[in-house]
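Text of structure37.cif, listed as mmCIF, C-alpha atoms:
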data_query
loop_
_atom_site.label_atom_id
_atom_site.label_comp_id
_atom_site.auth_asym_id
_atom_site.auth_seq_id
_atom_site.Cartn_x
_atom_site.Cartn_y
_atom_site.Cartn_z
CA MET A 1 -44.95 21.54 -1.19
CA ASN A 2 -43.51 23.74 -3.87
CA LYS A 3 -40.28 23.20 -5.73
CA ASN A 4 -38.31 25.76 -3.70
CA ARG A 5 -39.31 24.21 -0.39
CA VAL A 6 -38.27 20.76 -1.55
CA LEU A 7 -34.94 22.11 -2.69
CA THR A 8 -34.43 24.02 0.57
CA LEU A 9 -35.25 20.88 2.57
CA LEU A 10 -32.84 18.81 0.50
CA VAL A 11 -29.97 21.24 0.80
CA SER A 12 -30.62 21.71 4.52
CA SER A 13 -30.56 17.95 5.05
CA ILE A 14 -27.27 17.62 3.20
CA PHE A 15 -25.83 20.46 5.26
CA ILE A 16 -26.95 19.03 8.60
CA LEU A 17 -25.79 15.50 7.72
CA SER A 18 -22.42 16.73 6.55
CA VAL A 19 -21.90 18.76 9.73
CA VAL A 20 -22.85 15.81 11.94
CA GLY A 21 -20.81 13.37 9.87
CA CYS A 22 -17.65 15.46 9.96
CA SER A 23 -17.93 16.55 13.55
CA SER A 24 -14.67 16.35 15.44
CA ALA A 25 -16.15 17.07 18.83
CA THR A 26 -14.66 15.11 21.72
CA PRO A 27 -16.55 11.84 21.98
CA ALA A 28 -18.51 11.07 25.11
CA ALA A 29 -16.97 8.54 27.45
CA SER A 30 -17.81 4.99 26.44
CA PRO A 31 -20.33 3.27 28.70
CA PRO A 32 -19.14 0.19 30.59
CA GLY A 33 -19.17 -2.96 28.48
CA THR A 34 -18.67 -1.09 25.24
CA PRO A 35 -16.44 -3.16 22.95
CA LEU A 36 -12.83 -2.02 22.82
CA LYS A 37 -12.13 -1.24 19.19
CA ILE A 38 -8.55 -1.51 18.01
CA ILE A 39 -7.79 -0.57 14.44
CA ALA A 40 -4.75 -2.22 12.88
CA SER A 41 -2.85 -0.57 10.03
CA GLU A 42 -0.08 -2.60 8.46
CA ASP A 43 2.93 -1.68 6.33
CA TYR A 44 3.46 -4.51 3.85
CA PRO A 45 6.05 -5.29 1.23
CA SER A 46 4.82 -4.75 -2.30
CA TYR A 47 5.96 -6.99 -5.16
CA GLY A 48 6.71 -5.82 -8.68
CA SER A 49 5.80 -9.05 -10.45
CA VAL A 50 4.29 -12.49 -10.01
CA ASP A 51 7.85 -13.84 -10.23
CA ALA A 52 8.92 -11.74 -7.23
CA LEU A 53 5.79 -12.77 -5.36
CA SER A 54 6.29 -16.47 -6.02
CA GLU A 55 9.97 -16.28 -5.21
CA ARG A 56 9.20 -14.81 -1.79
CA ALA A 57 6.37 -17.23 -0.95
CA ASP A 58 7.49 -20.48 0.62
CA THR A 59 4.09 -22.01 -0.06
CA ILE A 60 1.71 -21.52 -2.98
CA VAL A 61 -1.47 -23.59 -3.02
CA LYS A 62 -4.95 -23.73 -4.45
CA GLY A 63 -7.63 -24.66 -1.99
CA ASN A 64 -10.94 -23.91 -0.35
CA VAL A 65 -11.85 -22.83 3.15
CA ILE A 66 -13.49 -25.56 5.22
CA GLN A 67 -13.47 -23.87 8.63
CA THR A 68 -13.11 -20.41 10.12
CA ARG A 69 -12.45 -19.43 13.71
CA VAL A 70 -11.32 -16.40 15.67
CA GLU A 71 -8.52 -16.78 18.18
CA ALA A 72 -6.15 -14.71 20.30
CA LEU A 73 -2.59 -15.43 19.25
CA ASP A 74 0.80 -14.41 20.49
CA ASP A 75 2.60 -14.25 17.16
CA ARG A 76 6.05 -13.57 18.51
CA GLY A 77 8.58 -15.75 16.73
CA GLN A 78 11.68 -17.39 18.04
CA ALA A 79 14.51 -15.00 17.34
CA ASP A 80 17.95 -16.34 16.78
CA SER A 81 20.66 -15.21 19.12
CA GLN A 82 22.14 -12.84 16.56
CA ASP A 83 18.84 -10.97 16.26
CA GLN A 84 18.50 -10.78 20.01
CA ASN A 85 21.96 -9.31 20.34
CA HIS A 86 21.23 -6.75 17.67
CA MET A 87 17.93 -5.64 19.13
CA ASN A 88 17.66 -6.19 22.84
CA ALA A 89 20.92 -5.19 24.44
CA ALA A 90 18.88 -3.60 27.18
CA GLY A 91 16.05 -6.04 26.83
CA SER A 92 14.05 -5.58 30.01
CA ALA A 93 11.93 -2.64 28.89
CA ALA A 94 11.44 -4.14 25.46
CA ASP A 95 10.46 -7.55 26.81
CA ALA A 96 7.89 -6.02 29.12
CA GLN A 97 6.22 -4.34 26.18
CA VAL A 98 6.22 -7.29 23.81
CA SER A 99 3.50 -9.43 25.38
CA PHE A 100 0.32 -8.75 23.42
CA ASP A 101 -2.13 -11.34 22.20
CA LYS A 102 -3.69 -10.35 18.90
CA ILE A 103 -7.03 -11.39 17.57
CA TYR A 104 -6.70 -13.33 14.35
CA THR A 105 -9.27 -14.91 12.06
CA ILE A 106 -7.92 -18.34 11.20
CA TYR A 107 -9.00 -20.18 8.08
CA THR A 108 -8.51 -23.90 7.64
CA VAL A 109 -7.79 -24.46 3.97
CA GLN A 110 -8.12 -27.80 2.23
CA VAL A 111 -5.43 -27.97 -0.43
CA THR A 112 -6.59 -29.05 -3.87
CA GLU A 113 -3.34 -28.35 -5.72
CA SER A 114 0.13 -27.35 -4.61
CA TYR A 115 2.47 -25.22 -6.71
CA LYS A 116 5.25 -24.60 -4.21
CA GLY A 117 6.11 -25.88 -0.74
CA GLY A 118 5.59 -29.07 1.17
CA TYR A 119 1.81 -29.43 0.99
CA THR A 120 0.00 -31.82 -1.34
CA ALA A 121 -3.59 -32.16 -2.49
CA GLY A 122 -5.77 -33.26 0.40
CA ASP A 123 -3.63 -31.61 3.07
CA ARG A 124 -5.04 -28.98 5.35
CA LEU A 125 -3.24 -25.83 6.40
CA GLU A 126 -4.19 -22.88 8.53
CA VAL A 127 -3.97 -19.31 7.32
CA LYS A 128 -4.32 -16.37 9.68
CA GLN A 129 -5.50 -12.85 9.01
CA LEU A 130 -5.30 -10.08 11.58
CA GLY A 131 -8.74 -9.01 12.82
CA GLY A 132 -11.82 -10.34 14.55
CA GLN A 133 -13.77 -10.00 17.77
CA LEU A 134 -13.38 -11.93 21.01
CA GLY A 135 -15.55 -10.89 23.92
CA ASN A 136 -15.48 -7.13 24.21
CA THR A 137 -12.33 -6.65 22.20
CA GLU A 138 -12.35 -6.23 18.46
CA ILE A 139 -9.42 -5.75 16.13
CA VAL A 140 -10.51 -4.16 12.90
CA ASN A 141 -8.22 -4.55 9.93
CA ASP A 142 -9.65 -2.97 6.81
CA ASP A 143 -6.84 -4.41 4.72
CA SER A 144 -7.85 -8.01 5.39
CA LEU A 145 -9.96 -9.80 2.82
CA LYS A 146 -12.50 -12.23 4.18
CA LEU A 147 -12.15 -15.71 2.70
CA MET A 148 -15.45 -17.41 1.92
CA GLN A 149 -16.20 -21.11 2.09
CA THR A 150 -17.93 -21.05 -1.28
CA LYS A 151 -14.85 -20.01 -3.25
CA ASP A 152 -11.61 -21.58 -4.41
CA TYR A 153 -8.48 -19.56 -3.82
CA VAL A 154 -4.83 -19.45 -4.80
CA LEU A 155 -2.77 -18.30 -1.84
CA PHE A 156 0.83 -17.03 -1.70
CA LEU A 157 1.98 -17.76 1.83
CA GLU A 158 4.73 -17.60 4.37
CA THR A 159 4.53 -20.51 6.81
CA TYR A 160 5.78 -20.75 10.39
CA ALA A 161 6.64 -23.60 12.72
CA ASP A 162 4.27 -22.70 15.54
CA THR A 163 1.62 -20.31 14.17
CA PRO A 164 -0.68 -20.42 11.13
CA ALA A 165 0.64 -19.17 7.80
CA SER A 166 0.24 -15.58 6.59
CA LEU A 167 -0.51 -14.18 3.16
CA LEU A 168 2.49 -12.25 1.84
CA ASN A 169 0.37 -9.13 1.78
CA SER A 170 -3.29 -8.20 1.65
CA VAL A 171 -3.29 -6.85 -1.89
CA GLN A 172 -1.29 -9.19 -4.13
CA SER A 173 -1.35 -12.60 -2.44
CA LEU A 174 -4.90 -13.87 -2.72
CA TYR A 175 -6.65 -14.90 -5.94
CA VAL A 176 -10.06 -16.38 -6.65
CA VAL A 177 -10.39 -19.30 -9.03
CA LYS A 178 -13.51 -19.02 -11.17
CA PRO A 179 -15.08 -21.15 -13.88
CA ALA A 180 -14.12 -19.55 -17.21
CA SER A 181 -17.73 -19.09 -18.27
CA LYS A 182 -18.38 -16.79 -15.30
CA SER A 183 -15.37 -14.62 -16.03
CA ASN A 184 -15.10 -11.60 -18.24
CA GLN A 185 -11.52 -12.32 -19.10
CA ALA A 186 -12.05 -13.25 -22.72
CA SER A 187 -8.41 -14.09 -23.31
CA GLN A 188 -8.67 -17.09 -21.07
CA GLN A 189 -12.06 -18.37 -22.11
CA SER A 190 -10.48 -21.43 -23.67
CA GLN A 191 -9.44 -22.66 -20.24
CA SER A 192 -11.78 -24.29 -17.77
CA GLU A 193 -10.83 -21.89 -14.99
CA VAL A 194 -9.58 -18.35 -14.71
CA ILE A 195 -7.86 -16.60 -11.85
CA VAL A 196 -8.78 -13.13 -10.70
CA SER A 197 -7.33 -11.13 -7.84
CA ALA A 198 -9.40 -11.10 -4.66
CA ASN A 199 -8.35 -7.49 -4.15
CA PRO A 200 -9.31 -5.02 -6.89
CA GLU A 201 -6.32 -2.83 -5.96
CA ASN A 202 -3.95 -5.56 -7.10
CA ASP A 203 -2.09 -4.58 -10.27
CA LEU A 204 -0.59 -8.05 -10.77
CA THR A 205 -2.38 -10.57 -12.94
CA LEU A 206 -1.93 -14.28 -12.38
CA SER A 207 -2.67 -16.98 -14.95
CA LEU A 208 -2.98 -20.73 -14.78
CA SER A 209 0.02 -21.06 -17.07
CA GLU A 210 2.15 -19.01 -14.66
CA LEU A 211 1.09 -21.27 -11.81
CA GLN A 212 1.96 -24.32 -13.87
CA GLN A 213 5.34 -22.78 -14.63
CA ILE A 214 5.96 -22.24 -10.89
CA LYS A 215 5.01 -25.85 -10.25
CA ASN A 216 7.32 -27.07 -13.00
CA GLU A 217 10.20 -25.03 -11.64
CA GLN A 218 9.68 -26.65 -8.24
CA SER A 219 9.67 -30.15 -9.74
CA ASN A 220 12.67 -29.42 -12.02
CA PRO A 221 14.78 -26.84 -10.21
CA MET B 1 -33.30 36.70 -2.52
CA LYS B 2 -32.53 35.83 1.13
CA ARG B 3 -33.64 32.28 0.53
CA LYS B 4 -31.37 31.96 -2.50
CA LEU B 5 -28.44 33.34 -0.53
CA LEU B 6 -29.10 30.95 2.35
CA MET B 7 -29.42 28.00 0.00
CA SER B 8 -26.21 28.91 -1.83
CA LEU B 9 -24.35 29.22 1.45
CA MET B 10 -25.56 25.86 2.71
CA LEU B 11 -24.87 24.16 -0.62
CA PHE B 12 -21.36 25.59 -0.70
CA SER B 13 -20.71 24.46 2.90
CA ALA B 14 -22.03 20.99 2.24
CA LEU B 15 -19.99 20.61 -0.93
CA ALA B 16 -16.87 21.86 0.84
CA MET B 17 -17.34 19.31 3.59
CA PHE B 18 -18.08 16.45 1.21
CA GLY B 19 -15.14 17.63 -0.85
CA SER B 20 -12.87 17.32 2.17
CA THR B 21 -14.30 13.88 2.83
CA ILE B 22 -13.36 12.75 -0.66
CA TYR B 23 -9.88 14.23 -0.22
CA ALA B 24 -9.78 12.38 3.10
CA ALA B 25 -9.23 9.11 1.24
CA THR B 26 -5.66 9.98 2.13
CA PHE B 27 -6.69 10.14 5.76
CA LEU B 28 -7.83 7.69 8.38
CA ASN B 29 -11.06 8.48 10.18
CA TYR B 30 -9.14 9.02 13.40
CA GLY B 31 -6.02 10.63 14.75
CA TYR B 32 -4.28 11.58 17.95
CA PRO B 33 -6.21 14.48 19.48
CA SER B 34 -3.25 16.65 20.46
CA SER B 35 -0.20 17.70 18.46
CA THR B 36 2.18 16.63 21.24
CA ILE B 37 2.19 12.86 21.30
CA PRO B 38 3.84 10.97 24.15
CA ILE B 39 5.57 7.66 23.49
CA ARG B 40 6.74 5.37 26.24
CA THR B 41 10.52 5.28 26.53
CA TYR B 42 12.04 2.27 24.78
CA ASN B 43 15.46 0.73 25.00
CA TYR B 44 17.10 -1.32 22.29
CA ALA B 45 20.58 -2.04 21.02
CA SER B 46 22.11 0.81 19.06
CA ALA B 47 21.42 -0.69 15.62
CA TRP B 48 17.71 -0.23 16.38
CA GLN B 49 17.68 2.50 19.01
CA GLY B 50 19.45 4.99 16.73
CA PRO B 51 17.07 4.65 13.77
CA MET B 52 14.03 4.57 16.05
CA ASP B 53 15.08 7.81 17.75
CA ALA B 54 15.84 9.30 14.34
CA SER B 55 12.29 8.42 13.24
CA LEU B 56 10.82 10.57 16.00
CA ALA B 57 13.17 13.36 15.02
CA ASN B 58 12.18 12.97 11.36
CA TRP B 59 8.60 13.83 12.28
CA ASN B 60 9.52 16.41 14.92
CA ASN B 61 11.74 18.34 12.50
CA ALA B 62 9.48 18.05 9.48
CA GLY B 63 7.41 21.13 10.15
CA ALA B 64 4.27 19.04 10.39
CA LYS B 65 3.16 20.74 13.62
CA VAL B 66 3.38 17.49 15.60
CA GLN B 67 5.92 16.42 18.20
CA PHE B 68 6.52 12.87 19.39
CA VAL B 69 7.97 12.99 22.90
CA LYS B 70 9.41 10.07 24.85
CA THR B 71 8.02 9.78 28.38
CA ASN B 72 8.14 7.05 31.03
CA ASN B 73 4.47 6.32 31.53
CA SER B 74 2.82 6.86 28.18
CA PRO B 75 0.20 4.29 27.11
CA ASN B 76 1.56 4.66 23.57
CA THR B 77 4.23 2.03 23.04
CA ILE B 78 6.72 0.93 20.43
CA THR B 79 7.98 -2.64 20.28
CA ALA B 80 10.56 -4.12 17.95
CA GLY B 81 10.73 -7.89 17.77
CA ASN B 82 10.47 -10.96 15.59
CA PHE B 83 6.86 -11.67 14.70
CA ASN B 84 5.35 -14.52 12.73
CA ASN B 85 3.55 -12.31 10.25
CA THR B 86 4.50 -10.74 6.93
CA ALA B 87 4.10 -7.06 7.81
CA TYR B 88 7.09 -4.79 8.30
CA GLY B 89 5.17 -2.90 10.95
CA VAL B 90 1.72 -2.56 12.46
CA ASN B 91 0.02 0.29 14.29
CA TYR B 92 -2.68 -0.90 16.70
CA ALA B 93 -4.80 2.13 17.57
CA SER B 94 -7.46 2.05 20.27
CA VAL B 95 -10.03 4.45 18.97
CA SER B 96 -12.98 6.26 20.47
CA GLY B 97 -14.99 8.23 17.95
CA ASN B 98 -12.43 9.94 15.75
CA GLN B 99 -9.74 10.06 18.41
CA VAL B 100 -6.84 7.74 19.09
CA VAL B 101 -6.95 6.90 22.80
CA ASN B 102 -3.64 5.06 22.70
CA PHE B 103 -1.57 3.12 20.20
CA ARG B 104 0.94 0.33 20.03
CA ILE B 105 3.42 0.17 17.17
CA GLU B 106 5.24 -3.04 16.33
CA LEU B 107 8.29 -3.22 14.10
CA ASN B 108 8.88 -6.69 12.71
CA ALA B 109 12.59 -7.45 12.72
CA SER B 110 12.02 -10.70 10.80
CA THR B 111 10.70 -8.98 7.70
CA ILE B 112 12.75 -5.81 8.05
CA THR B 113 16.09 -7.58 8.33
CA ALA B 114 15.15 -9.95 5.50
CA ASP B 115 14.54 -7.11 3.05
CA ALA B 116 16.78 -4.28 4.21
CA SER B 117 19.94 -3.41 2.33
CA ASN B 118 20.25 -0.34 4.56
CA LEU B 119 18.92 -1.43 7.95
CA SER B 120 18.93 2.02 9.54
CA ASN B 121 16.98 3.60 6.68
CA PHE B 122 14.56 0.70 6.48
CA ILE B 123 13.76 0.87 10.19
CA GLN B 124 13.18 4.61 9.91
CA SER B 125 10.98 4.24 6.86
CA VAL B 126 8.75 1.72 8.58
CA PHE B 127 8.63 3.52 11.94
CA VAL B 128 7.94 6.93 10.39
CA HIS B 129 5.17 5.30 8.34
CA GLU B 130 3.59 3.73 11.42
CA LEU B 131 3.81 7.00 13.36
CA GLY B 132 1.99 8.59 10.42
CA HIS B 133 -1.04 6.44 11.22
CA SER B 134 -1.23 8.07 14.64
CA VAL B 135 -1.54 11.51 13.05
CA TRP B 136 -4.41 10.70 10.67
CA LEU B 137 -2.47 9.37 7.68
CA GLY B 138 -3.88 6.36 5.84
CA ASP B 139 -2.09 3.63 3.93
CA ASN B 140 -1.04 3.86 0.34
CA PRO B 141 -2.69 7.16 -0.67
CA THR B 142 -3.74 7.60 -4.28
CA THR B 143 -1.26 10.24 -5.39
CA ASN B 144 1.63 10.72 -7.75
CA SER B 145 3.51 12.58 -5.04
CA PRO B 146 6.12 10.74 -3.02
CA SER B 147 4.70 9.60 0.31
CA ILE B 148 6.06 7.81 3.34
CA MET B 149 2.65 6.12 3.50
CA SER B 150 3.06 4.47 0.09
CA TYR B 151 3.45 0.69 0.01
CA THR B 152 5.76 0.98 -2.99
CA ARG B 153 8.21 3.53 -1.57
CA ASN B 154 11.85 2.57 -1.41
CA ARG B 155 12.25 1.81 2.27
CA ASN B 156 16.01 1.64 1.93
CA SER B 157 16.15 5.31 1.01
CA MET B 158 12.94 7.14 2.03
CA THR B 159 13.25 7.82 5.73
CA LYS B 160 11.31 11.04 6.26
CA PRO B 161 7.77 12.31 5.84
CA GLN B 162 7.42 13.82 2.37
CA THR B 163 5.88 17.18 1.50
CA PHE B 164 2.58 15.47 0.67
CA ASP B 165 2.53 13.81 4.10
CA ILE B 166 3.60 16.94 5.95
CA ASN B 167 0.89 19.06 4.35
CA ASN B 168 -1.73 16.44 5.15
CA VAL B 169 -0.72 16.31 8.82
CA ARG B 170 -0.55 20.10 9.03
CA SER B 171 -4.11 20.26 7.79
CA ARG B 172 -5.24 18.28 10.85
CA TYR B 173 -3.38 20.13 13.61
#

Write-out of the structure in structure tokens:
Amino acid sequence: MNKNRVLTLLVSSIFILSVVGCSSATPAASPPGTPLKIIASEDYPSYGSVDALSERADTIVKGNVIQTRVEALDDRGQADSQDQNHMNAAGSAADAQVSFDKIYTIYTVQVTESYKGGYTAGDRLEVKQLGGQLGNTEIVNDDSLKLMQTKDYVLFLETYADTPASLLNSVQSLYVVKPASKSNQASQQSQSEVIVSANPENDLTLSLSELQQIKNEQSNP
Amino acid sequence: MKRKLLMSLMLFSALAMFGSTIYAATFLNYGYPSSTIPIRTYNYASAWQGPMDASLANWNNAGAKVQFVKTNNSPNTITAGNFNNTAYGVNYASVSGNQVVNFRIELNASTITADASNLSNFIQSVFVHELGHSVWLGDNPTTNSPSIMSYTRNRNSMTKPQTFDINNVRSRY
């Protein structure tokens, strides 16, 4: 095969693949039993600093994941009467639409250190993230970061009375604790551990000293 | 000569398509297939109903070539309520291929009322953002231009789709 033929073949392949990949033709009807795919896109608050993040979190802990499960949850909260009056003056239509179980991945986290909130080392708490598959229904949430059982995390959370806690957002609220020797952050090499964001899009940096400061503020308000 | 012309044409086409794919970082891989988008009629107290209706108008009057229309039996729903999660709003889109089959938008009154200094504007900002997901727009686009899809926008003041958003939607319809 000469050089021109190879080049022609290469360019043709790119062309065909790009046409197929970008096709917007109407999709064929899904065969029975095909999983229902629901894609969730969330609008989250963004925080300008670690201080703002920690102020908003009611619970900040370090811990590791000991169990993961997927569950359908109705995450409707109990509204106070003032909220109800403000929102649902004509409630019937709204109430009929509200019922919707969502598929969450729920992580059981064993707390190893607490910086804010009512948990202490040794406690377990549950943290939910939107997304997962149950039967034929799958909720896909590209924003969610999967927590792994092999890692230690620092989590900035909002907790609820009757459902698992939530991260404050998917970008700025989850950090991985690493041994200093495995980190590239030279400035913190003197410490035994360093903290790096679990999400590379996070522009906030969190240090052990900041966590200690948060803990101190909780003990000496 | 013919071969060179053919190759150049195909290379140009391929690059143009890949180029649009890179630009499509701003876009989701799916959107509502028609420019007229029905939404099931909703009914809330005026503090919410007004801003929610205004959100539809904000898109309809933006010149983005899309129209959100309230109808009685649409599978596309909007629900405002108190939810035990930290999002201001969520768009749940049932997708087949690159088309939205139906969607459900939730506005979280717990987080919205906690952070709003201007409730009406905040509701509009979140609802207009979530509607944007139904017309191909992705979250938090990498741009210096103002965008209703940005996580860092001021939700107490930005209530309408911005020029960047409008142009992106127009490019899809």

**OP:** Give the residues of chain B that lie within 6 Å of chain A; count all atoms listed in the file, and format the answer as a VMD selection string.
**Re:** chain B and resid 10 14 43 to 45 82 to 94 97 152

Subject >> Shell around segment 109-115 of chain A at 8 Å using only C-alpha atoms, local window under 3 positions removed, as an NGL selection string >> reply: :A and (59-67 or 119-127 or 211-212 or 214-215 or 218)

Selected residues written out, C-alpha atoms, as a PDB file, keeping the file's coordinate frame:
ATOM      1  CA  THR A  59       4.090 -22.010  -0.060  1.00  0.00           C
ATOM      2  CA  ILE A  60       1.710 -21.520  -2.980  1.00  0.00           C
ATOM      3  CA  VAL A  61      -1.470 -23.590  -3.020  1.00  0.00           C
ATOM      4  CA  LYS A  62      -4.950 -23.730  -4.450  1.00  0.00           C
ATOM      5  CA  GLY A  63      -7.630 -24.660  -1.990  1.00  0.00           C
ATOM      6  CA  ASN A  64     -10.940 -23.910  -0.350  1.00  0.00           C
ATOM      7  CA  VAL A  65     -11.850 -22.830   3.150  1.00  0.00           C
ATOM      8  CA  ILE A  66     -13.490 -25.560   5.220  1.00  0.00           C
ATOM      9  CA  GLN A  67     -13.470 -23.870   8.630  1.00  0.00           C
ATOM     10  CA  TYR A 119       1.810 -29.430   0.990  1.00  0.00           C
ATOM     11  CA  THR A 120       0.000 -31.820  -1.340  1.00  0.00           C
ATOM     12  CA  ALA A 121      -3.590 -32.160  -2.490  1.00  0.00           C
ATOM     13  CA  GLY A 122      -5.770 -33.260   0.400  1.00  0.00           C
ATOM     14  CA  ASP A 123      -3.630 -31.610   3.070  1.00  0.00           C
ATOM     15  CA  ARG A 124      -5.040 -28.980   5.350  1.00  0.00           C
ATOM     16  CA  LEU A 125      -3.240 -25.830   6.400  1.00  0.00           C
ATOM     17  CA  GLU A 126      -4.190 -22.880   8.530  1.00  0.00           C
ATOM     18  CA  VAL A 127      -3.970 -19.310   7.320  1.00  0.00           C
ATOM     19  CA  LEU A 211       1.090 -21.270 -11.810  1.00  0.00           C
ATOM     20  CA  GLN A 212       1.960 -24.320 -13.870  1.00  0.00           C
ATOM     21  CA  ILE A 214       5.960 -22.240 -10.890  1.00  0.00           C
ATOM     22  CA  LYS A 215       5.010 -25.850 -10.250  1.00  0.00           C
ATOM     23  CA  GLN A 218       9.680 -26.650  -8.240  1.00  0.00           C
TER      24      GLN A 218
END

**OP:** Would you translate the PyMOL selection byres ((chain A and resi 210) around 12) into the concrete set of residues it matches in this file, as a list in words?
**Re:**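 Residues picked by the PyMOL selection byres ((chain A and resi 210) around 12): Ser49, Val50, Asp51, Leu53, Ser54, Ile60, Tyr115, Val194, Ile195, Leu204, Thr205, Leu206, Ser207, Leu208, Ser209, Leu211, Gln212, Gln213, Ile214, Lys215, Asn216 and Glu217 of chain A.
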
Would you save the residues from that selection as a PDB file, in the coordinates of the input, using C-alpha atoms?
ATOM      1  CA  SER A  49       5.800  -9.050 -10.450  1.00  0.00           C
ATOM      2  CA  VAL A  50       4.290 -12.490 -10.010  1.00  0.00           C
ATOM      3  CA  ASP A  51       7.850 -13.840 -10.230  1.00  0.00           C
ATOM      4  CA  LEU A  53       5.790 -12.770  -5.360  1.00  0.00           C
ATOM      5  CA  SER A  54       6.290 -16.470  -6.020  1.00  0.00           C
ATOM      6  CA  ILE A  60       1.710 -21.520  -2.980  1.00  0.00           C
ATOM      7  CA  TYR A 115       2.470 -25.220  -6.710  1.00  0.00           C
ATOM      8  CA  VAL A 194      -9.580 -18.350 -14.710  1.00  0.00           C
ATOM      9  CA  ILE A 195      -7.860 -16.600 -11.850  1.00  0.00           C
ATOM     10  CA  LEU A 204      -0.590  -8.050 -10.770  1.00  0.00           C
ATOM     11  CA  THR A 205      -2.380 -10.570 -12.940  1.00  0.00           C
ATOM     12  CA  LEU A 206      -1.930 -14.280 -12.380  1.00  0.00           C
ATOM     13  CA  SER A 207      -2.670 -16.980 -14.950  1.00  0.00           C
ATOM     14  CA  LEU A 208      -2.980 -20.730 -14.780  1.00  0.00           C
ATOM     15  CA  SER A 209       0.020 -21.060 -17.070  1.00  0.00           C
ATOM     16  CA  LEU A 211       1.090 -21.270 -11.810  1.00  0.00           C
ATOM     17  CA  GLN A 212       1.960 -24.320 -13.870  1.00  0.00           C
ATOM     18  CA  GLN A 213       5.340 -22.780 -14.630  1.00  0.00           C
ATOM     19  CA  ILE A 214       5.960 -22.240 -10.890  1.00  0.00           C
ATOM     20  CA  LYS A 215       5.010 -25.850 -10.250  1.00  0.00           C
ATOM     21  CA  ASN A 216       7.320 -27.070 -13.000  1.00  0.00           C
ATOM     22  CA  GLU A 217      10.200 -25.030 -11.640  1.00  0.00           C
TER      23      GLU A 217
END

Original post:
B:Thr111, B:Ser120, B:Thr143, B:Ser171: which is nearest Pro51 of chain B, counting only C-alpha atoms?
Top reply: B:Ser120

**OP:** Find the distance between atom CA of Gln172 of chain A and atom CA of Asn202 of chain A and write it in Å to one decimal.
**Re:**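 The value is 5.4 Å.
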
Original post:
Which residues match the PyMOL selection byres ((chain B and resi 139) around 10) in the file above, as a list in words?
Top reply: Ser41, Glu42, Asp43, Tyr44 and Asp143 of chain A; Ala25, Thr26, Phe27, Leu28, His129, Glu130, Gly132, His133, Leu137, Gly138, Asn140, Pro141, Thr142, Ser147, Ile148, Met149, Ser150 and Tyr151 of chain B

Subject >> Point-to-point distance from atom CA of Glu106 of chain B to atom CA of Ala57 of chain B, Å rounded to tenths >> reply: 18.3 Å

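We find atom CA of Tyr175 of chain A and atom CA of Leu155 of chain A to be spaced 6.6 Å apart.
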
**OP:** Skip Asn58 of chain B itself and residues of its chain fewer than 3 positions away, then list as a count of residues only all residues within 12 Å of it, counting only C-alpha atoms.
**Re:** 27

**OP:** Name the closest residue to Thr113 of chain B among the candidates B:Val169, B:Ala47, B:Ile37, B:Val100; distances are taken between atoms, counting only C-alpha atoms.
**Re:** B:Ala47

Original post:
Residues picked by the PyMOL selection byres ((chain B and resi 30) around 7) here, as a PyMOL selection string?
Top reply: chain B and resi 28-29+31+98-100+136
